[in-house]
>>> print(open('protein31.tsv').read())   # TSV, C-alpha atoms
chain	number	residue	atom	x	y	z
A	1032	MET	CA	142.72	-43.68	-68.55
A	1033	ASN	CA	146.19	-42.36	-67.63
A	1034	ILE	CA	148.66	-41.55	-70.39
A	1035	ARG	CA	152.36	-41.49	-69.47
A	1036	ILE	CA	154.89	-39.63	-71.56
A	1037	ASN	CA	158.46	-40.91	-71.63
A	1038	HIS	CA	160.48	-37.67	-71.45
A	1039	SER	CA	163.61	-39.55	-72.42
A	1040	SER	CA	162.11	-40.41	-75.76
A	1041	LYS	CA	162.74	-37.48	-78.15
A	1042	PRO	CA	160.39	-38.70	-80.95
A	1043	ARG	CA	157.47	-39.00	-78.54
A	1044	LYS	CA	158.19	-35.61	-76.99
A	1045	ALA	CA	158.29	-34.00	-80.43
A	1046	ALA	CA	154.97	-35.63	-81.31
A	1047	VAL	CA	153.37	-34.30	-78.12
A	1048	LEU	CA	154.65	-30.80	-78.80
A	1049	THR	CA	153.35	-30.95	-82.36
A	1050	LEU	CA	149.92	-32.14	-81.18
A	1051	THR	CA	149.81	-29.37	-78.55
A	1052	ALA	CA	150.62	-26.72	-81.13
A	1053	LEU	CA	147.92	-28.08	-83.42
A	1054	LEU	CA	145.29	-27.97	-80.67
A	1055	LEU	CA	146.26	-24.41	-79.77
A	1056	SER	CA	145.91	-23.32	-83.38
A	1057	VAL	CA	142.44	-24.88	-83.59
A	1058	LEU	CA	141.34	-23.11	-80.43
A	1059	ALA	CA	142.76	-19.82	-81.62
A	1060	PHE	CA	141.21	-19.76	-85.09
A	1061	GLY	CA	137.96	-21.60	-84.46
A	1062	PRO	CA	136.17	-23.96	-86.88
A	1063	SER	CA	137.15	-24.08	-90.50
A	1064	ARG	CA	135.28	-22.05	-93.08
A	1065	GLY	CA	134.64	-25.26	-94.90
A	1066	GLN	CA	132.59	-26.69	-92.09
A	1067	ASP	CA	129.47	-28.53	-93.20
A	1068	PRO	CA	126.59	-26.04	-92.79
A	1069	SER	CA	124.21	-28.84	-91.86
A	1070	THR	CA	126.08	-29.31	-88.60
A	1071	GLN	CA	125.55	-25.65	-87.75
A	1072	ALA	CA	121.82	-25.92	-88.43
A	1073	GLN	CA	121.39	-28.60	-85.76
A	1074	ARG	CA	121.53	-26.17	-82.84
A	1075	PRO	CA	119.41	-26.18	-79.72
A	1076	ARG	CA	116.49	-23.77	-79.90
A	1077	ARG	CA	117.49	-21.32	-77.19
A	1078	VAL	CA	116.07	-17.84	-77.06
A	1079	TRP	CA	118.50	-16.70	-74.39
A	1080	PRO	CA	122.13	-17.46	-75.34
A	1081	THR	CA	124.63	-17.99	-72.55
A	1082	GLN	CA	126.63	-14.98	-73.72
A	1083	THR	CA	125.21	-12.21	-75.88
A	1084	GLN	CA	127.42	-9.56	-77.44
A	1085	GLU	CA	125.37	-6.38	-77.24
A	1086	PRO	CA	125.64	-3.63	-79.86
A	1087	ASP	CA	127.86	-0.72	-78.90
A	1088	ASP	CA	125.03	1.83	-78.84
A	1089	ILE	CA	122.82	-0.07	-76.40
A	1090	LEU	CA	121.80	1.71	-73.22
A	1091	ARG	CA	122.24	-0.68	-70.33
A	1092	ILE	CA	118.94	-0.47	-68.49
A	1093	ASP	CA	118.51	-1.96	-65.03
A	1094	THR	CA	117.02	-5.38	-65.84
A	1095	ASP	CA	114.87	-5.28	-62.72
A	1096	LEU	CA	112.66	-2.86	-64.68
A	1097	VAL	CA	109.68	-4.74	-66.17
A	1098	ALA	CA	108.28	-3.15	-69.34
A	1099	VAL	CA	105.09	-3.79	-71.30
A	1100	ASP	CA	104.04	-2.28	-74.65
A	1101	VAL	CA	100.44	-1.08	-74.92
A	1102	THR	CA	98.40	-0.19	-78.00
A	1103	VAL	CA	95.21	1.83	-77.53
A	1104	THR	CA	92.45	2.10	-80.15
A	1105	ASP	CA	89.13	3.91	-80.31
A	1106	PRO	CA	85.77	2.21	-81.13
A	1107	GLN	CA	86.53	2.61	-84.85
A	1108	GLY	CA	89.83	0.75	-84.44
A	1109	SER	CA	92.07	3.78	-85.00
A	1110	PRO	CA	95.19	4.19	-82.81
A	1111	VAL	CA	94.85	6.69	-79.94
A	1112	ARG	CA	97.97	8.73	-79.21
A	1113	ASN	CA	99.02	11.44	-76.78
A	1114	LEU	CA	97.56	9.80	-73.69
A	1115	ARG	CA	99.31	10.60	-70.42
A	1116	LYS	CA	100.82	8.33	-67.82
A	1117	GLU	CA	97.93	9.25	-65.53
A	1118	ASP	CA	95.49	7.74	-68.06
A	1119	PHE	CA	96.79	4.23	-67.37
A	1120	LYS	CA	96.75	1.83	-64.45
A	1121	LEU	CA	99.27	-1.00	-64.31
A	1122	TYR	CA	98.68	-4.10	-62.19
A	1123	ALA	CA	101.04	-6.94	-61.31
A	1124	ASP	CA	99.37	-10.00	-59.78
A	1125	GLY	CA	96.30	-7.83	-59.27
A	1126	VAL	CA	98.12	-5.14	-57.27
A	1127	GLU	CA	98.44	-1.65	-58.75
A	1128	GLN	CA	102.03	-0.59	-59.42
A	1129	SER	CA	103.72	2.78	-59.57
A	1130	VAL	CA	104.77	3.44	-63.18
A	1131	SER	CA	108.48	4.26	-63.08
A	1132	PHE	CA	108.96	4.66	-66.82
A	1133	PHE	CA	106.52	5.94	-69.43
A	1134	GLN	CA	107.20	6.40	-73.14
A	1135	VAL	CA	104.63	7.54	-75.69
A	1136	GLU	CA	104.56	7.66	-79.45
A	1137	ARG	CA	103.51	11.19	-80.44
A	1138	ARG	CA	102.50	12.77	-83.71
A	1139	THR	CA	105.17	15.39	-83.10
A	1140	GLY	CA	108.73	14.74	-82.04
A	1141	PRO	CA	111.00	11.79	-82.86
A	1142	PRO	CA	109.12	8.54	-83.60
A	1143	ARG	CA	109.86	5.42	-81.61
A	1144	PRO	CA	112.72	3.27	-82.93
A	1145	LEU	CA	111.76	-0.15	-84.25
A	1146	ALA	CA	113.42	-3.57	-84.50
A	1147	LEU	CA	111.44	-5.67	-86.98
A	1148	VAL	CA	111.81	-9.12	-88.53
A	1149	PHE	CA	109.83	-10.06	-91.63
A	1150	ALA	CA	109.17	-13.82	-91.81
A	1151	LEU	CA	108.05	-14.68	-95.35
A	1152	ASP	CA	106.35	-17.89	-96.43
A	1153	ILE	CA	107.98	-19.31	-99.58
A	1154	SER	CA	106.26	-22.72	-99.53
A	1155	GLY	CA	104.79	-24.23	-102.66
A	1156	SER	CA	101.30	-22.94	-101.93
A	1157	MET	CA	102.46	-19.34	-102.46
A	1158	THR	CA	101.72	-18.27	-106.04
A	1159	PRO	CA	104.15	-16.18	-108.15
A	1160	GLU	CA	101.51	-13.44	-108.31
A	1161	GLU	CA	101.34	-13.31	-104.52
A	1162	MET	CA	105.11	-13.04	-104.29
A	1163	GLY	CA	105.07	-10.07	-106.68
A	1164	ARG	CA	102.31	-8.25	-104.82
A	1165	LEU	CA	104.03	-9.01	-101.53
A	1166	ARG	CA	107.16	-7.26	-102.75
A	1167	HIS	CA	105.22	-4.07	-103.49
A	1168	ALA	CA	103.43	-4.29	-100.14
A	1169	LEU	CA	106.67	-4.48	-98.19
A	1170	GLN	CA	107.90	-1.47	-100.11
A	1171	ALA	CA	104.79	0.37	-98.92
A	1172	PHE	CA	105.45	-0.77	-95.37
A	1173	ALA	CA	109.02	0.51	-95.44
A	1174	ALA	CA	107.94	3.81	-96.99
A	1175	ASN	CA	105.38	4.35	-94.24
A	1176	ILE	CA	108.04	4.21	-91.50
A	1177	ALA	CA	110.88	5.78	-93.47
A	1178	ASP	CA	111.06	8.75	-91.11
A	1179	GLN	CA	111.92	6.73	-88.02
A	1180	GLN	CA	114.90	4.76	-86.80
A	1181	ALA	CA	114.23	1.18	-87.85
A	1182	ALA	CA	116.33	-1.96	-88.05
A	1183	TYR	CA	115.06	-4.64	-90.45
A	1184	ALA	CA	115.78	-8.32	-90.81
A	1185	VAL	CA	114.23	-10.78	-93.28
A	1186	MET	CA	113.70	-14.53	-92.95
A	1187	ALA	CA	112.13	-17.00	-95.37
A	1188	PHE	CA	110.53	-20.28	-94.42
A	1189	GLY	CA	109.07	-23.36	-96.06
A	1190	MET	CA	110.60	-26.72	-95.31
A	1191	ASN	CA	113.54	-24.80	-93.82
A	1192	VAL	CA	114.04	-21.45	-92.12
A	1193	LYS	CA	116.61	-19.16	-93.71
A	1194	ILE	CA	117.96	-15.74	-92.74
A	1195	LEU	CA	118.05	-13.66	-95.93
A	1196	GLN	CA	119.00	-10.34	-94.36
A	1197	LYS	CA	120.43	-9.67	-90.92
A	1198	PHE	CA	119.47	-6.49	-89.13
A	1199	THR	CA	120.18	-3.39	-91.17
A	1200	SER	CA	119.02	0.21	-91.14
A	1201	ASP	CA	119.18	0.46	-94.94
A	1202	PRO	CA	115.55	0.48	-96.21
A	1203	THR	CA	116.68	-0.47	-99.74
A	1204	ALA	CA	118.02	-3.74	-98.37
A	1205	LEU	CA	114.45	-4.90	-97.82
A	1206	ASP	CA	113.72	-4.68	-101.53
A	1207	ARG	CA	117.04	-6.22	-102.55
A	1208	THR	CA	116.21	-9.21	-100.38
A	1209	PHE	CA	113.55	-10.28	-102.88
A	1210	GLU	CA	116.29	-10.95	-105.38
A	1211	LYS	CA	117.44	-13.74	-103.06
A	1212	LEU	CA	113.90	-15.06	-102.57
A	1213	ALA	CA	113.06	-18.35	-104.27
A	1214	ARG	CA	109.88	-20.36	-103.82
A	1215	GLU	CA	109.95	-23.99	-102.74
A	1216	PRO	CA	107.47	-25.37	-105.28
A	1217	ASN	CA	107.59	-28.94	-103.98
A	1218	GLY	CA	107.81	-28.20	-100.29
A	1219	LEU	CA	105.95	-30.69	-98.11
A	1220	SER	CA	105.96	-28.58	-94.94
A	1221	THR	CA	105.69	-24.98	-93.80
A	1222	HIS	CA	107.60	-24.35	-90.57
A	1223	THR	CA	105.81	-21.18	-89.48
A	1224	TYR	CA	106.25	-21.51	-85.72
A	1225	ASP	CA	109.90	-22.49	-86.18
A	1226	ALA	CA	110.37	-19.31	-88.23
A	1227	VAL	CA	108.82	-17.12	-85.53
A	1228	ASP	CA	110.95	-18.89	-82.92
A	1229	ASP	CA	114.10	-18.14	-84.94
A	1230	ALA	CA	112.97	-14.55	-85.50
A	1231	ILE	CA	112.59	-14.00	-81.75
A	1232	ARG	CA	116.08	-15.38	-81.17
A	1233	LEU	CA	117.42	-13.08	-83.90
A	1234	VAL	CA	115.86	-10.07	-82.16
A	1235	VAL	CA	117.28	-11.03	-78.77
A	1236	ARG	CA	120.79	-11.69	-80.05
A	1237	GLN	CA	121.29	-9.02	-82.67
A	1238	ALA	CA	118.81	-6.14	-82.32
A	1239	PRO	CA	119.69	-3.30	-79.94
A	1240	ARG	CA	117.36	-3.06	-76.94
A	1241	THR	CA	117.47	0.72	-77.04
A	1242	ARG	CA	118.50	3.47	-79.43
A	1243	ASP	CA	119.16	7.08	-78.47
A	1244	ARG	CA	118.09	6.16	-74.93
A	1245	ARG	CA	114.65	5.03	-76.08
A	1246	LEU	CA	113.31	1.50	-75.78
A	1247	MET	CA	112.86	-0.03	-79.23
A	1248	LYS	CA	109.59	-1.58	-80.32
A	1249	ARG	CA	110.24	-5.27	-81.06
A	1250	ALA	CA	108.03	-7.01	-83.61
A	1251	VAL	CA	107.83	-9.96	-86.01
A	1252	VAL	CA	105.60	-9.71	-89.11
A	1253	VAL	CA	104.69	-13.14	-90.48
A	1254	VAL	CA	103.35	-13.27	-94.03
A	1255	THR	CA	101.88	-16.68	-94.87
A	1256	ASP	CA	99.05	-18.59	-96.49
A	1257	GLY	CA	97.90	-19.79	-93.06
A	1258	PHE	CA	98.89	-23.47	-93.08
A	1259	PRO	CA	101.77	-24.29	-90.68
A	1260	VAL	CA	102.94	-27.89	-91.16
A	1261	GLY	CA	105.85	-29.87	-89.69
A	1262	ASP	CA	107.01	-27.47	-86.97
A	1263	THR	CA	109.40	-28.70	-84.28
A	1264	VAL	CA	108.47	-25.99	-81.76
A	1265	ALA	CA	105.02	-25.92	-80.15
A	1266	PRO	CA	102.87	-22.77	-80.53
A	1267	GLN	CA	102.64	-22.21	-76.77
A	1268	THR	CA	106.41	-22.37	-76.46
A	1269	VAL	CA	106.78	-19.71	-79.16
A	1270	ILE	CA	104.22	-17.49	-77.40
A	1271	GLU	CA	106.06	-17.84	-74.08
A	1272	ARG	CA	109.36	-16.94	-75.70
A	1273	ALA	CA	107.84	-13.95	-77.48
A	1274	ASN	CA	106.42	-12.71	-74.19
A	1275	ALA	CA	109.76	-13.22	-72.43
A	1276	ALA	CA	111.51	-11.13	-75.09
A	1277	ASN	CA	108.65	-8.57	-75.26
A	1278	VAL	CA	108.19	-9.22	-78.98
A	1279	SER	CA	104.79	-8.66	-80.63
A	1280	VAL	CA	103.87	-10.98	-83.50
A	1281	TYR	CA	101.74	-9.73	-86.41
A	1282	VAL	CA	100.30	-12.27	-88.84
A	1283	VAL	CA	99.29	-11.37	-92.39
A	1284	THR	CA	97.28	-14.13	-94.08
A	1285	LEU	CA	97.38	-14.06	-97.87
A	1286	PRO	CA	94.36	-14.54	-100.19
A	1287	SER	CA	95.26	-18.13	-101.11
A	1288	TYR	CA	93.93	-19.19	-97.69
A	1289	SER	CA	90.67	-17.28	-98.14
A	1290	ARG	CA	90.09	-18.77	-101.60
A	1291	VAL	CA	90.46	-22.29	-100.28
A	1292	MET	CA	88.52	-21.96	-97.04
A	1293	THR	CA	85.56	-19.71	-97.84
A	1294	ALA	CA	83.47	-18.19	-100.56
A	1295	SER	CA	84.35	-14.65	-101.57
A	1296	THR	CA	81.18	-13.30	-99.95
A	1297	GLN	CA	82.02	-14.72	-96.54
A	1298	ALA	CA	84.42	-13.58	-93.89
A	1299	PRO	CA	87.61	-15.70	-93.79
A	1300	LEU	CA	87.63	-18.53	-91.30
A	1301	PRO	CA	90.24	-18.41	-88.51
A	1302	THR	CA	93.57	-19.85	-89.55
A	1303	PRO	CA	95.50	-22.35	-87.39
A	1304	LEU	CA	97.72	-19.42	-86.41
A	1305	ASP	CA	94.66	-17.49	-85.21
A	1306	VAL	CA	93.45	-20.47	-83.19
A	1307	SER	CA	96.84	-20.80	-81.49
A	1308	GLY	CA	96.61	-17.20	-80.22
A	1309	LEU	CA	100.07	-16.35	-81.58
A	1310	ALA	CA	99.17	-12.74	-82.42
A	1311	ASP	CA	96.62	-11.98	-79.69
A	1312	SER	CA	98.76	-13.42	-76.89
A	1313	THR	CA	101.81	-11.34	-77.87
A	1314	GLY	CA	100.09	-7.97	-78.34
A	1315	GLY	CA	100.06	-8.19	-82.14
A	1316	ARG	CA	97.27	-8.57	-84.68
A	1317	SER	CA	96.11	-11.12	-87.25
A	1318	VAL	CA	94.89	-9.56	-90.51
A	1319	TYR	CA	93.87	-10.74	-93.99
A	1320	ALA	CA	95.33	-9.33	-97.19
A	1321	ASN	CA	93.19	-8.06	-100.02
A	1322	GLU	CA	93.62	-10.12	-103.18
A	1323	LYS	CA	94.09	-7.08	-105.42
A	1324	ASP	CA	96.35	-4.80	-103.41
A	1325	TYR	CA	98.37	-5.44	-100.25
A	1326	GLY	CA	99.60	-1.85	-99.98
A	1327	PRO	CA	96.80	-0.34	-97.81
A	1328	LEU	CA	96.95	-3.29	-95.44
A	1329	PHE	CA	100.69	-2.97	-94.88
A	1330	ARG	CA	100.48	0.79	-94.49
A	1331	ALA	CA	97.85	0.31	-91.79
A	1332	LEU	CA	99.97	-2.42	-90.20
A	1333	ALA	CA	102.98	-0.10	-90.15
A	1334	GLU	CA	100.82	2.49	-88.40
A	1335	GLU	CA	99.86	-0.05	-85.76
A	1336	VAL	CA	103.33	-1.49	-85.21
A	1337	THR	CA	104.73	1.97	-84.55
A	1338	SER	CA	101.87	3.26	-82.38
A	1339	ALA	CA	102.38	2.17	-78.81
A	1340	TYR	CA	102.98	3.27	-75.25
A	1341	VAL	CA	105.60	1.74	-72.98
A	1342	LEU	CA	104.89	1.37	-69.27
A	1343	ALA	CA	107.45	-0.04	-66.86
A	1344	PHE	CA	107.79	-0.57	-63.12
A	1345	TYR	CA	110.07	-2.09	-60.51
A	1346	PRO	CA	108.58	-5.21	-58.89
A	1347	ALA	CA	108.55	-5.60	-55.13
A	1348	GLU	CA	111.93	-6.75	-53.84
A	1349	GLU	CA	110.65	-10.18	-52.80
A	1350	LYS	CA	109.30	-10.84	-56.32
A	1351	ARG	CA	112.38	-9.88	-58.33
A	1352	ARG	CA	114.21	-13.19	-57.81
A	1353	ASP	CA	111.48	-15.65	-56.85
A	1354	GLY	CA	111.56	-17.55	-60.18
A	1355	GLN	CA	107.78	-17.25	-60.56
A	1356	PHE	CA	105.51	-16.02	-63.36
A	1357	HIS	CA	103.70	-12.79	-62.49
A	1358	SER	CA	100.65	-11.53	-64.35
A	1359	LEU	CA	100.43	-8.04	-65.83
A	1360	LYS	CA	97.31	-6.05	-66.66
A	1361	VAL	CA	97.03	-2.53	-68.07
A	1362	GLU	CA	93.84	-0.47	-67.96
A	1363	GLY	CA	93.24	2.67	-70.03
A	1364	PRO	CA	90.54	5.33	-70.28
A	1365	PRO	CA	86.93	4.10	-70.47
A	1366	GLY	CA	85.61	3.39	-73.96
A	1367	LEU	CA	89.03	2.64	-75.45
A	1368	ALA	CA	90.44	-0.79	-76.26
A	1369	VAL	CA	93.80	-1.63	-74.69
A	1370	ARG	CA	96.01	-4.40	-76.03
A	1371	GLN	CA	99.23	-5.24	-74.20
A	1372	SER	CA	102.31	-7.01	-75.57
A	1373	ARG	CA	102.50	-9.72	-72.93
A	1374	PRO	CA	100.31	-11.11	-70.14
A	1375	GLY	CA	103.10	-11.21	-67.57
A	1376	TYR	CA	106.78	-11.72	-66.89
A	1377	GLN	CA	108.95	-14.53	-65.62
A	1378	ALA	CA	111.16	-13.52	-62.71
A	1379	GLY	CA	114.65	-14.94	-62.57
A	1380	GLY	CA	116.01	-17.09	-59.79
A	1381	LYS	CA	117.97	-15.82	-56.81
A	1382	ASN	CA	121.21	-15.71	-58.78
A	1383	SER	CA	119.82	-14.27	-62.00
A	1384	ARG	CA	118.19	-11.15	-63.38
A	1385	LEU	CA	114.72	-10.69	-64.78
A	1386	GLN	CA	114.53	-11.67	-68.44
A	1387	GLN	CA	113.58	-8.67	-70.56
>>> encode(input="protein31.tsv", output="structure tokens")
Amino acid sequence: MNIRINHSSKPRKAAVLTLTALLLSVLAFGPSRGQDPSTQAQRPRRVWPTQTQEPDDILRIDTDLVAVDVTVTDPQGSPVRNLRKEDFKLYADGVEQSVSFFQVERRTGPPRPLALVFALDISGSMTPEEMGRLRHALQAFAANIADQQAAYAVMAFGMNVKILQKFTSDPTALDRTFEKLAREPNGLSTHTYDAVDDAIRLVVRQAPRTRDRRLMKRAVVVVTDGFPVGDTVAPQTVIERANAANVSVYVVTLPSYSRVMTASTQAPLPTPLDVSGLADSTGGRSVYANEKDYGPLFRALAEEVTSAYVLAFYPAEEKRRDGQFHSLKVEGPPGLAVRQSRPGYQAGGKNSRLQQ
């Protein structure tokens, strides 16, 4: 439709000028603070935003470099540190690659920086006693990694997913977050996969990729009773997005699940999260909390989250922009168990860069 403006008509010209000024002011100042928050919640679930404002201290690493985190444990399940680059072999699509970048977590020297999101279940099945013990356990977790550079964020989920604390380096903020925590006693759903999906997006958008020229370990710790219900994002989609962002997911299942599903003398049955492969497929772990004390579990989990090697390589030129998925496999010394953070990487198209 064509709109004609009669320039000889002063009232109409004034109205057009007024409308133009109004539109310019809207564009300049953005949406009103009074905007209905429900409209903001209805956003597309995109892990990779079209434009991401990176933190000032980020080291811009060539995105052609493909990195994979590796955790190595001995037969007793204890982390193995101080291995050398020569102790590993890295394969892409079955072909051994030259390791261009190698970073190791050592007992001496500066520990690896960490970007971590806690996703906490506040659905009605969580008891007040569990919430109290959980608070003490997270305090133990934070204390165990107090000597390293860590950025925390906290999310809560039940029928809805809420960000309680954006990324901060203040360890006391983790404890203060519990003052904002409120259970959903009548919640009819537990959106666990949606929460992990949002946590991955939070890491990608807000957490620095590096700190002090060291690649940060990216992780999500999900604390739940093991019953995801009502999710809008499929488990496999969440796993793919975690692998694309190189985020490891750790799942802590609380005792309420064990009490319902098994007798106390039996080992807990796999939860729906275990069956989906959410932890195993992202290089994390799925563990069960002790009913009396969560502290030892979270201290051990902190040890695992912060104990890893980073191996990276440059793909062959013809595979950097082919848009295909390429498998990754890491081998370590004989007799040791190797767990990697992702099974492969998705190359970008001809006009894009590899997603890291």
>>> atom_distance(input="protein31.tsv", atom1="CA of Thr1158 in chain A", atom2="CA of Val1264 in chain A")
26.4 Å
>>> closest_residue(input="protein31.tsv", among="A:Ser1154, A:Ser1200, A:Asn1113, A:Asn1277", to="Gln1134 in chain A", atoms="only C-alpha atoms")
A:Asn1113
>>> closest_atom_pairs(input="protein31.tsv", of="range 1184-1253 of chain A", to="range 1357-1380 of chain A", cutoff="12 Å", atoms="only C-alpha atoms", output="JSON lines")
{"residue": "A:Lys1248", "atom": "CA", "partner": "A:Ser1372", "partner_atom": "CA", "distance": 10.2}
{"residue": "A:Arg1249", "atom": "CA", "partner": "A:Ser1372", "partner_atom": "CA", "distance": 9.8}
{"residue": "A:Ala1250", "atom": "CA", "partner": "A:Ser1372", "partner_atom": "CA", "distance": 9.9}
>>> residues_around(input="protein31.tsv", residues="Asp1206 in chain A", least_positions_apart="2", cutoff="8 Å", atoms="only C-alpha atoms", output="MDAnalysis selection string")
chainID A and resid 1166 1169:1170 1202:1204 1208:1210
>>> closest_residue(input="protein31.tsv", among="A:Gly1308, A:Arg1245, A:Lys1197, A:Met1190", to="Asp1262 in chain A", atoms="only C-alpha atoms")
A:Met1190
>>> atom_distance(input="protein31.tsv", atom1="CA of Leu1304 in chain A", atom2="CA of Gly1189 in chain A")
15.4 Å
>>> residues_around(input="protein31.tsv", residues="Ala1343 in chain A", least_positions_apart="4", cutoff="8 Å", atoms="all atoms listed in the file", output="PyMOL selection string")
chain A and resi 1096-1099+1130-1133
>>> atom_distance(input="protein31.tsv", atom1="CA of Lys1211 in chain A", atom2="CA of Ala1333 in chain A")
23.7 Å
>>> closest_residue(input="protein31.tsv", among="A:Val1280, A:Phe1149, A:Ala1339, A:Leu1246", to="Leu1114 in chain A", atoms="only C-alpha atoms")
A:Ala1339
>>> residues_around(input="protein31.tsv", residues="Ser1109 in chain A", least_positions_apart="6", cutoff="12 Å", atoms="only C-alpha atoms", output="PDB file with C-alpha atoms, keeping the file's coordinate frame")
ATOM      1  CA  THR A1102      98.400  -0.190 -78.000  1.00  0.00           C
ATOM      2  CA  VAL A1103      95.210   1.830 -77.530  1.00  0.00           C
ATOM      3  CA  ALA A1331      97.850   0.310 -91.790  1.00  0.00           C
ATOM      4  CA  LEU A1332      99.970  -2.420 -90.200  1.00  0.00           C
ATOM      5  CA  GLU A1334     100.820   2.490 -88.400  1.00  0.00           C
ATOM      6  CA  GLU A1335      99.860  -0.050 -85.760  1.00  0.00           C
ATOM      7  CA  SER A1338     101.870   3.260 -82.380  1.00  0.00           C
ATOM      8  CA  LEU A1367      89.030   2.640 -75.450  1.00  0.00           C
ATOM      9  CA  ALA A1368      90.440  -0.790 -76.260  1.00  0.00           C
ATOM     10  CA  VAL A1369      93.800  -1.630 -74.690  1.00  0.00           C
TER      11      VAL A1369
END
>>> residues_around(input="protein31.tsv", residues="Asp1152 in chain A", least_positions_apart="3", cutoff="8 Å", atoms="all atoms listed in the file", output="ChimeraX atom specification")
/A:1157,1187-1189,1221,1223,1253-1256
>>> closest_residue(input="protein31.tsv", among="A:Arg1242, A:Ser1312, A:Arg1236, A:Asp1229", to="Gln1267 in chain A", atoms="all atoms listed in the file")
A:Ser1312
>>> closest_residue(input="protein31.tsv", among="A:Ala1150, A:Ile1194, A:Tyr1340, A:Val1278", to="Val1111 in chain A", atoms="all atoms listed in the file")
A:Tyr1340
>>> axis_aligned_box(input="protein31.tsv", around="range 1194-1197 of chain A", padding_each_side="3 Å", output="AutoDock Vina command-line options")
--center_x 119.2 --center_y -12.7 --center_z -93.4 --size_x 8.5 --size_y 12.1 --size_z 11.0
>>> closest_residue(input="protein31.tsv", among="A:Arg1232, A:Ile1270, A:Lys1193, A:Ala1168", to="Gly1315 in chain A", atoms="all atoms listed in the file")
A:Ile1270
>>> residues_near_point(input="protein31.tsv", point="(102.0, -15.1, -83.7)", cutoff="12 Å", atoms="all atoms listed in the file", output="PDB file with C-alpha atoms, in the coordinates of the input")
ATOM      1  CA  ALA A1150     109.170 -13.820 -91.810  1.00  0.00           C
ATOM      2  CA  THR A1223     105.810 -21.180 -89.480  1.00  0.00           C
ATOM      3  CA  TYR A1224     106.250 -21.510 -85.720  1.00  0.00           C
ATOM      4  CA  ASP A1225     109.900 -22.490 -86.180  1.00  0.00           C
ATOM      5  CA  ALA A1226     110.370 -19.310 -88.230  1.00  0.00           C
ATOM      6  CA  VAL A1227     108.820 -17.120 -85.530  1.00  0.00           C
ATOM      7  CA  ASP A1228     110.950 -18.890 -82.920  1.00  0.00           C
ATOM      8  CA  ALA A1230     112.970 -14.550 -85.500  1.00  0.00           C
ATOM      9  CA  ILE A1231     112.590 -14.000 -81.750  1.00  0.00           C
ATOM     10  CA  ALA A1250     108.030  -7.010 -83.610  1.00  0.00           C
ATOM     11  CA  VAL A1251     107.830  -9.960 -86.010  1.00  0.00           C
ATOM     12  CA  VAL A1252     105.600  -9.710 -89.110  1.00  0.00           C
ATOM     13  CA  VAL A1253     104.690 -13.140 -90.480  1.00  0.00           C
ATOM     14  CA  VAL A1254     103.350 -13.270 -94.030  1.00  0.00           C
ATOM     15  CA  THR A1255     101.880 -16.680 -94.870  1.00  0.00           C
ATOM     16  CA  GLY A1257      97.900 -19.790 -93.060  1.00  0.00           C
ATOM     17  CA  PRO A1259     101.770 -24.290 -90.680  1.00  0.00           C
ATOM     18  CA  ALA A1265     105.020 -25.920 -80.150  1.00  0.00           C
ATOM     19  CA  PRO A1266     102.870 -22.770 -80.530  1.00  0.00           C
ATOM     20  CA  GLN A1267     102.640 -22.210 -76.770  1.00  0.00           C
ATOM     21  CA  THR A1268     106.410 -22.370 -76.460  1.00  0.00           C
ATOM     22  CA  VAL A1269     106.780 -19.710 -79.160  1.00  0.00           C
ATOM     23  CA  ILE A1270     104.220 -17.490 -77.400  1.00  0.00           C
ATOM     24  CA  GLU A1271     106.060 -17.840 -74.080  1.00  0.00           C
ATOM     25  CA  ARG A1272     109.360 -16.940 -75.700  1.00  0.00           C
ATOM     26  CA  ALA A1273     107.840 -13.950 -77.480  1.00  0.00           C
ATOM     27  CA  ASN A1274     106.420 -12.710 -74.190  1.00  0.00           C
ATOM     28  CA  VAL A1278     108.190  -9.220 -78.980  1.00  0.00           C
ATOM     29  CA  SER A1279     104.790  -8.660 -80.630  1.00  0.00           C
ATOM     30  CA  VAL A1280     103.870 -10.980 -83.500  1.00  0.00           C
ATOM     31  CA  TYR A1281     101.740  -9.730 -86.410  1.00  0.00           C
ATOM     32  CA  VAL A1282     100.300 -12.270 -88.840  1.00  0.00           C
ATOM     33  CA  VAL A1283      99.290 -11.370 -92.390  1.00  0.00           C
ATOM     34  CA  THR A1284      97.280 -14.130 -94.080  1.00  0.00           C
ATOM     35  CA  THR A1302      93.570 -19.850 -89.550  1.00  0.00           C
ATOM     36  CA  PRO A1303      95.500 -22.350 -87.390  1.00  0.00           C
ATOM     37  CA  LEU A1304      97.720 -19.420 -86.410  1.00  0.00           C
ATOM     38  CA  ASP A1305      94.660 -17.490 -85.210  1.00  0.00           C
ATOM     39  CA  VAL A1306      93.450 -20.470 -83.190  1.00  0.00           C
ATOM     40  CA  SER A1307      96.840 -20.800 -81.490  1.00  0.00           C
ATOM     41  CA  GLY A1308      96.610 -17.200 -80.220  1.00  0.00           C
ATOM     42  CA  LEU A1309     100.070 -16.350 -81.580  1.00  0.00           C
ATOM     43  CA  ALA A1310      99.170 -12.740 -82.420  1.00  0.00           C
ATOM     44  CA  ASP A1311      96.620 -11.980 -79.690  1.00  0.00           C
ATOM     45  CA  SER A1312      98.760 -13.420 -76.890  1.00  0.00           C
ATOM     46  CA  THR A1313     101.810 -11.340 -77.870  1.00  0.00           C
ATOM     47  CA  GLY A1314     100.090  -7.970 -78.340  1.00  0.00           C
ATOM     48  CA  GLY A1315     100.060  -8.190 -82.140  1.00  0.00           C
ATOM     49  CA  ARG A1316      97.270  -8.570 -84.680  1.00  0.00           C
ATOM     50  CA  SER A1317      96.110 -11.120 -87.250  1.00  0.00           C
ATOM     51  CA  VAL A1318      94.890  -9.560 -90.510  1.00  0.00           C
ATOM     52  CA  SER A1372     102.310  -7.010 -75.570  1.00  0.00           C
TER      53      SER A1372
END
